[in-house]
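**Q** My structure is in start39.cif, and what it holds is mmCIF, C-alpha atoms:
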data_start
loop_
_atom_site.label_atom_id
_atom_site.label_comp_id
_atom_site.auth_asym_id
_atom_site.auth_seq_id
_atom_site.Cartn_x
_atom_site.Cartn_y
_atom_site.Cartn_z
CA MET A 19 0.00 0.00 0.00
CA ASP A 20 2.88 2.41 0.68
CA GLU A 21 4.13 1.95 -2.89
CA PHE A 22 0.66 2.88 -4.19
CA GLN A 23 0.62 6.06 -2.10
CA LEU A 24 3.95 7.13 -3.62
CA GLN A 25 2.56 6.80 -7.14
CA GLN A 26 -0.27 9.34 -6.82
CA ARG A 27 1.74 11.79 -9.00
CA ILE A 28 3.72 10.46 -11.95
CA THR A 29 5.88 12.73 -14.07
CA GLY A 30 7.48 11.97 -17.36
CA ARG A 31 8.78 13.72 -20.41
CA ASP A 32 6.11 16.23 -21.44
CA LEU A 33 3.40 14.53 -19.34
CA LEU A 34 2.08 14.58 -15.79
CA ALA A 35 -0.40 12.05 -14.37
CA CYS A 36 -1.98 12.93 -11.03
CA VAL A 37 -4.72 11.25 -9.01
CA GLU A 38 -7.31 13.92 -8.20
CA GLU A 39 -8.29 13.04 -4.64
CA SER A 40 -10.55 16.09 -4.34
CA MET A 41 -12.75 15.17 -7.32
CA HIS A 42 -16.23 13.83 -6.62
CA VAL A 43 -18.01 11.67 -9.18
CA ALA A 44 -21.68 10.86 -9.66
CA THR A 45 -23.59 9.13 -12.39
CA LEU A 46 -26.85 10.38 -13.84
CA ARG A 47 -28.87 7.43 -15.06
CA TYR A 48 -32.06 7.83 -17.06
CA PHE A 49 -34.35 6.01 -19.44
CA ASP A 50 -34.74 8.77 -22.02
CA ARG A 51 -32.27 11.59 -22.67
CA ALA A 52 -35.24 13.75 -23.69
CA GLY A 53 -37.53 12.66 -20.83
CA PRO A 54 -38.52 14.10 -17.44
CA PHE A 55 -35.17 13.39 -15.78
CA ALA A 56 -33.30 15.15 -18.58
CA ASP A 57 -35.68 18.12 -18.11
CA ALA A 58 -34.88 18.16 -14.39
CA VAL A 59 -31.13 18.15 -15.16
CA ARG A 60 -31.62 21.05 -17.58
CA ALA A 61 -33.56 22.99 -14.94
CA ALA A 62 -30.95 22.30 -12.24
CA LEU A 63 -27.88 23.05 -14.33
CA GLY A 64 -29.15 25.39 -17.02
CA ALA A 65 -27.88 23.04 -19.73
CA PRO A 66 -29.05 19.80 -21.32
CA LEU A 67 -27.39 16.42 -20.97
CA PRO A 68 -24.36 16.14 -23.25
CA GLU A 69 -24.70 14.71 -26.73
CA PRO A 70 -23.20 11.26 -27.41
CA LEU A 71 -19.41 11.19 -26.96
CA ALA A 72 -19.40 14.77 -25.62
CA ALA A 73 -18.02 16.33 -22.44
CA ARG A 74 -18.42 19.91 -21.25
CA GLU A 75 -17.83 22.19 -18.30
CA LEU A 76 -20.76 23.96 -16.69
CA MET A 77 -21.19 26.55 -13.96
CA GLU A 78 -17.92 28.37 -14.70
CA GLY A 79 -15.88 25.19 -14.54
CA GLN A 80 -17.37 23.90 -11.26
CA LEU A 81 -18.90 20.84 -12.87
CA ILE A 82 -18.18 18.55 -15.83
CA LEU A 83 -20.78 16.42 -17.57
CA ALA A 84 -19.51 13.60 -19.78
CA TRP A 85 -21.55 11.19 -21.90
CA ARG A 86 -20.92 7.60 -20.84
CA SER A 87 -23.66 5.68 -22.64
CA PRO A 88 -27.11 6.32 -24.14
CA THR A 89 -28.64 6.15 -20.64
CA GLU A 90 -25.78 7.47 -18.47
CA THR A 91 -23.85 10.70 -17.97
CA LEU A 92 -20.92 11.10 -15.59
CA CYS A 93 -20.83 14.21 -13.40
CA VAL A 94 -17.42 15.31 -12.04
CA THR A 95 -16.86 18.18 -9.58
CA ARG A 96 -14.48 19.36 -6.88
CA SER A 97 -17.39 20.68 -4.83
CA ILE A 98 -19.09 18.17 -2.54
CA THR A 99 -21.57 20.94 -1.76
CA ARG A 100 -22.46 21.38 -5.44
CA LEU A 101 -22.90 17.62 -5.80
CA ALA A 102 -25.18 17.52 -2.74
CA GLU A 103 -27.23 20.41 -4.14
CA LEU A 104 -27.60 18.66 -7.49
CA THR A 105 -28.59 15.42 -5.76
CA ALA A 106 -31.28 17.27 -3.80
CA GLN A 107 -32.55 19.00 -6.95
CA LEU A 108 -32.85 15.72 -8.83
CA ALA A 109 -34.20 13.63 -5.94
CA GLY A 110 -37.83 13.74 -7.02
CA ALA A 111 -37.26 13.61 -10.77
CA ALA A 112 -39.05 10.85 -12.64
CA ASP A 113 -37.38 8.30 -14.93
CA GLY A 114 -33.86 8.74 -13.61
CA CYS A 115 -31.54 9.03 -10.65
CA ILE A 116 -28.21 10.40 -9.51
CA ILE A 117 -25.81 8.06 -7.72
CA ASP A 118 -22.71 9.28 -5.88
CA LEU A 119 -19.74 7.20 -7.06
CA SER A 120 -17.07 9.22 -5.24
CA GLY A 121 -15.97 6.20 -3.22
CA ALA A 122 -15.93 3.91 -6.26
CA VAL A 123 -14.48 5.96 -9.12
CA ARG A 124 -11.18 7.82 -9.11
CA ILE A 125 -10.05 10.54 -11.50
CA VAL A 126 -6.55 10.63 -12.95
CA ARG A 127 -5.65 13.97 -14.56
CA LEU A 128 -3.25 13.84 -17.49
CA THR A 129 -1.63 17.10 -18.57
CA GLY A 130 1.04 17.79 -21.14
CA LEU A 131 2.00 17.29 -24.74
CA ARG A 132 2.11 13.48 -24.87
CA ILE A 133 -1.40 12.57 -23.71
CA ALA A 134 -2.33 11.10 -27.09
CA ASP A 135 0.94 9.12 -27.21
CA LEU A 136 0.26 7.63 -23.77
CA LEU A 137 -3.37 6.76 -24.46
CA CYS A 138 -2.57 5.30 -27.89
CA ARG A 139 0.10 3.10 -26.35
CA LEU A 140 -2.16 1.94 -23.49
CA GLY A 141 -5.51 1.76 -25.27
CA GLY A 142 -5.41 2.67 -28.94
CA THR A 143 -6.56 5.68 -30.90
CA ALA A 144 -10.21 5.20 -29.88
CA SER A 145 -9.27 6.06 -26.28
CA VAL A 146 -8.01 9.57 -27.14
CA PRO A 147 -10.65 12.29 -26.65
CA GLY A 148 -10.36 15.66 -28.34
CA PRO A 149 -11.45 18.77 -26.44
CA GLY A 150 -15.16 18.47 -25.69
CA GLU A 151 -15.19 14.69 -26.08
CA ALA A 152 -15.68 11.65 -23.84
CA ARG A 153 -14.42 8.25 -24.93
CA GLY A 154 -15.14 4.99 -23.15
CA SER A 155 -12.57 2.31 -23.89
CA ARG A 156 -10.08 -0.09 -22.36
CA VAL A 157 -6.83 1.50 -21.22
CA ALA A 158 -4.20 -0.90 -19.86
CA ASP A 159 -6.95 -3.53 -20.28
CA VAL A 160 -9.19 -1.69 -17.79
CA ALA A 161 -12.51 0.05 -18.56
CA VAL A 162 -11.86 3.81 -18.50
CA LEU A 163 -13.82 6.89 -19.50
CA ALA A 164 -11.37 9.42 -20.94
CA LEU A 165 -12.77 12.94 -21.17
CA SER A 166 -11.36 16.26 -22.23
CA VAL A 167 -12.87 19.69 -21.85
CA ARG A 168 -9.75 21.60 -22.96
CA ALA A 169 -6.62 20.98 -24.99
CA GLY A 170 -3.63 19.63 -23.08
CA GLU A 171 -5.70 17.97 -20.35
CA THR A 172 -7.55 14.67 -20.13
CA LEU A 173 -9.36 13.15 -17.16
CA LEU A 174 -9.50 9.37 -16.79
CA ALA A 175 -12.41 7.99 -14.73
CA VAL A 176 -11.48 4.53 -13.46
CA ASP A 177 -12.88 2.10 -10.91
CA ARG A 178 -10.80 2.57 -7.77
CA ALA A 179 -10.04 -1.17 -7.60
CA TYR A 180 -8.11 -0.82 -10.87
CA LEU A 181 -6.36 2.45 -10.04
CA PRO A 182 -3.06 0.85 -8.90
CA HIS A 183 -2.97 -1.24 -12.09
CA LEU A 184 -3.61 1.79 -14.31
CA LEU A 185 -1.04 3.93 -12.50
CA ALA A 186 1.59 1.20 -12.81
CA TRP A 187 1.02 1.01 -16.56
CA ILE A 188 1.16 4.80 -16.86
CA ARG A 189 4.42 4.87 -14.89
CA GLU A 190 6.01 2.12 -17.01
CA THR A 191 4.87 3.69 -20.26
CA LEU A 192 6.26 7.08 -19.27
CA LEU A 193 9.59 5.40 -18.53
CA ASP A 194 9.53 4.05 -22.11
CA PHE A 195 9.13 7.63 -23.35
CA GLU A 196 12.38 8.71 -21.66
CA PRO A 197 15.49 8.80 -23.86
CA ASP A 198 18.16 6.24 -23.08
#
As structure tokens, please, write out the structure in this file.
**A**
Amino acid sequence: MDEFQLQQRITGRDLLACVEESMHVATLRYFDRAGPFADAVRAALGAPLPEPLAARELMEGQLILAWRSPTETLCVTRSITRLAELTAQLAGAADGCIIDLSGAVRIVRLTGLRIADLLCRLGGTASVPGPGEARGSRVADVAVLALSVRAGETLLAVDRAYLPHLLAWIRETLLDFEPD
């Protein structure tokens, strides 16, 4: 476990990978992206659910919504208060629910020039999101949602049970990027 704690921040040539301990994650699950739950989300956030394969920041960067599947959107925020407010606002909404996954999903922030190189090596070109995109794929043979809301930065949402595995692969791959 001590080794895992030391790997929370991994630096390499033109890339930094950092576990974002202060990020809170929830999932919005619904039957119809145009139904009553989607209307409640729009009323609460002032914006609709993201389109397929899209990710965007809302509320002046306080919250990120990322498409995960036709019936699921991931919500990422640093503010536990904002997440609690959203949960309360959506509590009575029909045809959907919000589930706090903060204890189950971890966020790894990638910043730098070699994000695409890293993700291509670990998961293939389909795992590389452009700004405003969310891509679900396997990275280091683990299910990951990669999302980007701005150039030079990608967030990886991963099940916390697989976080040590993913970080080890990131660390080893960054070592491969170093010149001999």
**Q** With only C-alpha atoms counted, which protein, DNA or RNA residues have an atom no more than 10 Å from (-33.6, 10.0, -11.7) in the file frame? Please answer as a CSV table (one decimal) with C-alpha atoms, keeping the file's coordinate frame.
**A**
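Resulting contents of part-v6.csv:
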chain,number,residue,atom,x,y,z
A,46,LEU,CA,-26.8,10.4,-13.8
A,47,ARG,CA,-28.9,7.4,-15.1
A,48,TYR,CA,-32.1,7.8,-17.1
A,49,PHE,CA,-34.4,6.0,-19.4
A,54,PRO,CA,-38.5,14.1,-17.4
A,55,PHE,CA,-35.2,13.4,-15.8
A,56,ALA,CA,-33.3,15.2,-18.6
A,58,ALA,CA,-34.9,18.2,-14.4
A,59,VAL,CA,-31.1,18.2,-15.2
A,105,THR,CA,-28.6,15.4,-5.8
A,108,LEU,CA,-32.8,15.7,-8.8
A,109,ALA,CA,-34.2,13.6,-5.9
A,110,GLY,CA,-37.8,13.7,-7.0
A,111,ALA,CA,-37.3,13.6,-10.8
A,112,ALA,CA,-39.0,10.8,-12.6
A,113,ASP,CA,-37.4,8.3,-14.9
A,114,GLY,CA,-33.9,8.7,-13.6
A,115,CYS,CA,-31.5,9.0,-10.6
A,116,ILE,CA,-28.2,10.4,-9.5
A,117,ILE,CA,-25.8,8.1,-7.7
**Q** Select, from A:Arg139, A:His42, A:Arg127, A:Arg178, the residue with the minimum atom-to-atom distance to Ala102 in chain A, counting only C-alpha atoms.
**A**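 Of all the options, A:His42 lies closest to Ala102 in chain A.
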**Q** Return the single residue from A:Leu181, A:Ile98, A:Ala35, A:Val146 that is closest to Ala134 in chain A, with distances computed using all atoms listed in the file.
**A** A:Val146
**Q** Taking the file above as input, evaluate the PyMOL selection byres ((chain A and resi 88-93) around 8) and report the hits as a PyMOL selection string.
**A** chain A and resi 43-51+67-68+70+81-87+94-95
**Q** Between CA of Asp57 in chain A and CA of Gln80 in chain A, measure the distance and give it in Å to one decimal.
**A**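 Value for the CA of Asp57 in chain A-CA of Gln80 in chain A distance: 20.4 Å.
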